[in-house]
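Visitor: Quick one, target04.cif (mmCIF, C-alpha atoms):
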```cif
data_data
loop_
_atom_site.label_atom_id
_atom_site.label_comp_id
_atom_site.auth_asym_id
_atom_site.auth_seq_id
_atom_site.Cartn_x
_atom_site.Cartn_y
_atom_site.Cartn_z
CA MET A 50 -19.71 -3.51 4.59
CA CYS A 51 -18.14 -0.21 5.66
CA LEU A 52 -20.51 1.75 3.41
CA SER A 53 -23.45 0.06 5.11
CA TYR A 54 -22.20 1.29 8.47
CA PHE A 55 -21.48 4.69 6.95
CA PHE A 56 -25.03 4.89 5.62
CA ILE A 57 -26.49 3.93 9.02
CA VAL A 58 -24.30 6.44 10.89
CA ASN A 59 -25.20 9.26 8.53
CA ASN A 60 -28.91 8.57 8.52
CA LEU A 61 -29.23 7.84 12.24
CA GLN A 62 -27.35 11.06 13.01
CA PHE A 63 -29.79 12.93 10.77
CA VAL A 64 -32.72 11.44 12.71
CA VAL A 65 -31.14 12.26 16.09
CA VAL A 66 -30.44 15.88 15.07
CA THR A 67 -33.96 16.23 13.68
CA VAL A 68 -35.55 14.83 16.84
CA ARG A 69 -33.37 17.04 19.07
CA SER A 70 -34.32 20.20 17.18
CA THR A 71 -38.07 19.61 16.85
CA ARG A 72 -41.10 18.87 19.00
CA LEU A 73 -40.32 15.20 18.55
CA LYS A 74 -37.86 15.58 21.43
CA SER A 75 -40.71 16.13 23.90
CA LEU A 76 -42.57 13.13 22.45
CA LEU A 77 -39.65 10.70 22.36
CA GLY A 78 -37.74 12.03 25.38
CA ASP A 79 -34.14 12.31 26.48
CA ASP A 80 -33.79 8.56 27.02
CA TRP A 81 -34.59 7.93 23.35
CA LEU A 82 -32.01 10.54 22.30
CA THR A 83 -29.33 9.09 24.60
CA LYS A 84 -29.98 5.57 23.33
CA HIS A 85 -29.80 6.59 19.67
CA GLU A 86 -26.74 8.80 20.14
CA ALA A 87 -25.02 5.71 21.58
CA LYS A 88 -26.11 3.77 18.50
CA VAL A 89 -24.54 6.43 16.26
CA ARG A 90 -21.24 6.09 18.18
CA SER A 91 -21.41 2.28 18.01
CA TYR A 92 -22.01 2.24 14.26
CA ALA A 93 -19.30 4.88 13.75
CA GLU A 94 -16.81 2.58 15.51
CA LYS A 95 -17.91 -0.32 13.32
CA TYR A 96 -17.50 1.86 10.22
CA GLU A 97 -13.97 2.86 11.26
CA LYS A 98 -12.99 -0.72 11.88
CA ALA A 99 -14.44 -1.94 8.57
CA ALA A 100 -13.00 0.92 6.51
CA TRP A 101 -9.55 1.31 8.05
CA THR A 102 -8.54 -2.12 9.44
CA ASN A 103 -6.38 -2.94 6.41
CA VAL A 104 -4.46 0.29 6.88
CA PHE A 105 -3.73 -0.48 10.54
CA ALA A 106 -2.87 -4.08 9.71
CA SER A 107 -0.27 -2.94 7.18
CA LEU A 108 1.90 -1.50 9.97
CA PRO A 109 4.08 -3.90 11.97
CA ALA A 110 2.97 -4.72 15.51
CA LYS A 111 4.75 -2.68 18.16
CA THR A 112 5.80 -5.89 19.86
CA SER A 113 7.51 -7.27 16.75
CA ALA A 114 11.28 -7.49 16.53
CA LYS A 115 13.19 -4.79 14.69
CA LEU A 116 12.62 -5.04 10.95
CA SER A 117 15.32 -5.36 8.34
CA ALA A 118 15.56 -2.68 5.63
CA GLU A 119 13.82 -5.03 3.20
CA GLU A 120 10.98 -5.72 5.65
CA ALA A 121 10.61 -2.00 6.41
CA THR A 122 10.44 -1.28 2.67
CA THR A 123 7.70 -3.87 2.30
CA CYS A 124 5.77 -2.34 5.21
CA PHE A 125 6.04 1.16 3.74
CA LYS A 126 4.78 -0.10 0.38
CA ARG A 127 1.94 -2.05 2.00
CA PHE A 128 0.94 0.93 4.18
CA HIS A 129 0.95 3.38 1.30
CA ALA A 130 -1.10 1.08 -0.92
CA SER A 131 -3.66 0.34 1.80
CA PHE A 132 -3.91 3.99 2.91
CA ALA A 133 -4.32 5.25 -0.66
CA GLY A 134 -6.97 2.60 -1.33
CA ALA A 135 -8.94 3.34 1.83
CA TYR A 136 -8.62 7.08 1.29
CA MET A 137 -9.84 6.88 -2.31
CA LYS A 138 -12.88 4.84 -1.25
CA GLN A 139 -13.75 6.92 1.80
CA SER A 140 -13.03 10.38 0.39
CA SER A 141 -15.96 10.17 -2.02
CA CYS A 142 -18.37 9.84 0.90
CA VAL A 143 -20.06 12.88 2.36
CA ILE A 144 -21.17 13.50 5.93
CA GLU A 145 -23.48 16.49 6.00
CA ASP A 146 -23.39 16.90 9.79
CA ALA A 147 -20.22 18.91 10.52
CA LYS A 148 -19.90 17.71 14.12
CA LEU A 149 -20.15 14.04 13.16
CA ARG A 150 -17.78 14.59 10.22
CA ASP A 151 -15.16 16.17 12.48
CA GLU A 152 -15.56 13.54 15.21
CA LEU A 153 -14.97 10.71 12.71
CA LYS A 154 -11.94 12.40 11.14
CA VAL A 155 -10.39 13.12 14.54
CA SER A 156 -11.06 9.58 15.75
CA ILE A 157 -9.37 8.04 12.71
CA ALA A 158 -6.43 10.48 12.88
CA ARG A 159 -5.87 9.90 16.62
CA LYS A 160 -5.54 6.19 16.01
CA LEU A 161 -3.65 6.15 12.72
CA VAL A 162 -1.23 9.10 12.72
CA PRO A 163 0.68 8.26 15.94
CA GLU A 164 1.07 4.62 14.87
CA TYR A 165 2.39 5.64 11.46
CA ARG A 166 4.57 8.43 12.90
CA GLU A 167 6.28 5.95 15.22
CA PHE A 168 6.90 3.52 12.36
CA TYR A 169 8.06 6.32 10.03
CA GLU A 170 10.51 7.80 12.55
CA LYS A 171 11.88 4.40 13.51
CA TYR A 172 12.45 2.98 10.01
CA LEU A 173 12.87 5.92 7.61
CA PRO A 174 16.50 6.61 8.68
CA MET A 175 17.38 3.03 7.75
CA LEU A 176 16.11 3.66 4.20
CA ARG A 177 17.72 7.08 3.60
CA GLN A 178 20.44 5.63 1.32
CA ASP A 179 17.80 4.34 -1.11
CA ARG A 180 17.67 6.53 -4.22
CA ASN A 181 13.99 5.75 -4.70
CA ILE A 182 12.98 6.85 -1.22
CA GLU A 183 10.63 9.56 -2.56
CA THR A 184 8.54 7.00 -4.43
CA LEU A 185 8.78 4.50 -1.60
CA VAL A 186 7.72 6.89 1.18
CA SER A 187 5.03 8.99 -0.41
CA PHE A 188 3.28 9.90 2.87
CA LYS A 189 4.84 11.78 5.73
CA PRO A 190 2.95 11.70 9.04
CA ASP A 191 1.83 15.32 8.65
CA ASN A 192 0.54 14.50 5.16
CA LEU A 193 -1.72 11.84 6.65
CA GLU A 194 -3.30 14.46 8.90
CA ASN A 195 -3.96 16.65 5.87
CA TYR A 196 -5.48 13.81 3.87
CA LEU A 197 -7.66 12.72 6.79
CA SER A 198 -8.85 16.28 7.38
CA ASP A 199 -10.22 16.31 3.83
CA LEU A 200 -12.35 13.19 4.31
CA PHE A 201 -16.14 13.16 4.03
CA HIS A 202 -16.48 16.25 1.82
CA GLY A 203 -16.92 14.25 -1.40
CA THR A 204 -13.54 15.20 -2.88
CA THR A 205 -10.15 13.55 -3.03
CA ILE A 206 -6.59 14.89 -3.15
CA ILE A 207 -4.83 11.59 -3.95
CA SER A 208 -5.02 10.76 -7.62
CA ASP A 209 -5.18 7.36 -9.24
CA SER A 210 -5.30 6.34 -12.89
CA SER A 211 -8.96 7.32 -13.28
CA HIS A 212 -9.15 10.54 -11.23
CA SER A 213 -7.03 13.64 -11.20
CA ALA A 214 -5.79 15.17 -7.96
CA SER A 215 -8.05 17.63 -6.16
CA SER A 216 -11.06 16.66 -8.22
CA SER A 217 -14.56 15.87 -7.18
CA LEU A 218 -15.41 12.29 -7.87
CA SER A 219 -18.31 11.56 -10.15
CA SER A 220 -19.01 8.21 -8.53
CA SER A 221 -21.68 7.60 -5.92
CA SER A 222 -21.38 9.82 -2.87
CA CYS A 223 -22.98 8.92 0.41
CA CYS A 224 -24.81 11.68 2.19
CA SER A 225 -27.14 12.02 5.13
CA ILE A 226 -30.17 11.03 3.06
CA GLY A 227 -28.55 8.04 1.40
CA CYS A 228 -26.41 7.33 -1.63
CA VAL A 229 -26.99 9.62 -4.57
CA LYS A 230 -25.28 10.11 -7.92
CA ASN A 231 -23.36 13.35 -8.41
#
```
Can you turn what I pasted into structure tokens?
Guide:
Amino acid sequence: MCLSYFFIVNNLQFVVVTVRSTRLKSLLGDDWLTKHEAKVRSYAEKYEKAAWTNVFASLPAKTSAKLSAEEATTCFKRFHASFAGAYMKQSSCVIEDAKLRDELKVSIARKLVPEYREFYEKYLPMLRQDRNIETLVSFKPDNLENYLSDLFHGTTIISDSSHSASSSLSSSSCCSIGCVKN
């Protein structure tokens, strides 16, 4: 579902930019542009929710009671797995429009990084005695910002069993004219 929203956002943004920069603007008018820019924002929000909800859901609610070390470990593992999965899926997508690409990355980072930073700073000290902390906590809050800043260029910096780090993916990449094979 998130790729459907991604496709709509990308293509609708392409249409809006094209209309704004051509004589179509005088034919369709400012009201048309305003209405369709709002649609781009609406679909972008739906994309974010569909693509990143599992990542947000992996963090404990702020209102929850203090977690035990075992529960914190489980949350770290769940967060890292859901973030890596979402990142791998979303990093192969391309947004040609630089402004839209940056707005989406900033929007995701503004929501995710502070939530994770708060969790990380609250529960990491409790896990410091664990010898396997490096494998358990593979993402620091600043790392998340770096990973998110690399989204929507069609490359990935997290590796899995089928892709090496810092490689371009050969799977389908979504771009402003639709999904195409690399």
Visitor: Got a sec to check which residues sit within 10 Å of (11.6, -2.1, 2.4), counting all atoms listed in the file, and write them as a list in words?
Guide: Leu116, Ser117, Ala118, Glu119, Glu120, Ala121, Thr122, Thr123, Cys124, Phe125, Lys126, Arg127, Tyr172, Leu173, Met175, Leu176, Asp179, Ile182, Leu185 and Val186 of chain A
Visitor: Please write the residues picked by the PyMOL selection byres ((chain A and resi 58) around 8) on this file as a list in words.
Guide: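 Taken over the shown coordinates, the PyMOL selection byres ((chain A and resi 58) around 8) returns Tyr54, Phe55, Phe56, Ile57, Asn59, Asn60, Leu61, Gln62, Val89, Arg90, Tyr92 and Ala93 of chain A.
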Visitor: Could you save the residues just selected, with C-alpha atoms, as an mmCIF file, keeping the file's coordinate frame?
Guide:
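And here's result00.cif as it stands now:
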```cif
data_model
loop_
_atom_site.group_PDB
_atom_site.id
_atom_site.type_symbol
_atom_site.label_atom_id
_atom_site.label_comp_id
_atom_site.auth_asym_id
_atom_site.auth_seq_id
_atom_site.Cartn_x
_atom_site.Cartn_y
_atom_site.Cartn_z
ATOM 1 C CA TYR A 54 -22.200 1.290 8.470
ATOM 2 C CA PHE A 55 -21.480 4.690 6.950
ATOM 3 C CA PHE A 56 -25.030 4.890 5.620
ATOM 4 C CA ILE A 57 -26.490 3.930 9.020
ATOM 5 C CA ASN A 59 -25.200 9.260 8.530
ATOM 6 C CA ASN A 60 -28.910 8.570 8.520
ATOM 7 C CA LEU A 61 -29.230 7.840 12.240
ATOM 8 C CA GLN A 62 -27.350 11.060 13.010
ATOM 9 C CA VAL A 89 -24.540 6.430 16.260
ATOM 10 C CA ARG A 90 -21.240 6.090 18.180
ATOM 11 C CA TYR A 92 -22.010 2.240 14.260
ATOM 12 C CA ALA A 93 -19.300 4.880 13.750
#
```
Visitor: Determine the residue membership of the PyMOL selection byres ((chain A and resi 147-160) around 9) for the file above and supply it as a list in words.
Guide: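 For this structure, the PyMOL selection byres ((chain A and resi 147-160) around 9) resolves to Val58, Asn59, Gln62, Ala93, Glu94, Glu97, Trp101, Phe105, Val143, Ile144, Glu145, Asp146, Leu161, Val162, Pro163, Glu164, Leu193, Glu194, Leu197, Ser198, Asp199, Leu200, Phe201 and His202 of chain A.
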Visitor: Distance CA of Phe188 (chain A)-CA of Glu167 (chain A), one decimal place?
Guide: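 Straight-line distance from CA of Phe188 (chain A) to CA of Glu167 (chain A) works out to 13.3 Å.
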Visitor: Take CA of Ala130 (chain A) and CA of Tyr165 (chain A) and report the distance between them in Å, one decimal.
Guide: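 According to the coordinates, CA of Ala130 (chain A) and CA of Tyr165 (chain A) are separated by 13.6 Å.
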Visitor: Just how far from CA of Phe63 (chain A) is CA of Asp79 (chain A), in Å to one decimal?
Guide: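 So the answer is 16.3 Å.
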Visitor: Just want the 6 Å neighbourhood of Ser131 (chain A), counted on all atoms listed in the file, with same-chain residues fewer than 3 positions away dropped. Output as number ranges by chain.
Guide: A: 104, 128, 134
Visitor: Restricting the calculation to all atoms listed in the file, which member of A:Ser70, A:Leu52, A:Val65, A:Phe168 is positioned closest to Ala110 (chain A)?
Guide: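 Selected residue with least distance to Ala110 (chain A): A:Phe168.
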Visitor: Considering all atoms listed in the file, state which residue in the set A:His129, A:Lys138, A:Lys84, A:Lys74 is at the smallest distance from Cys51 (chain A).
Guide: A:Lys138
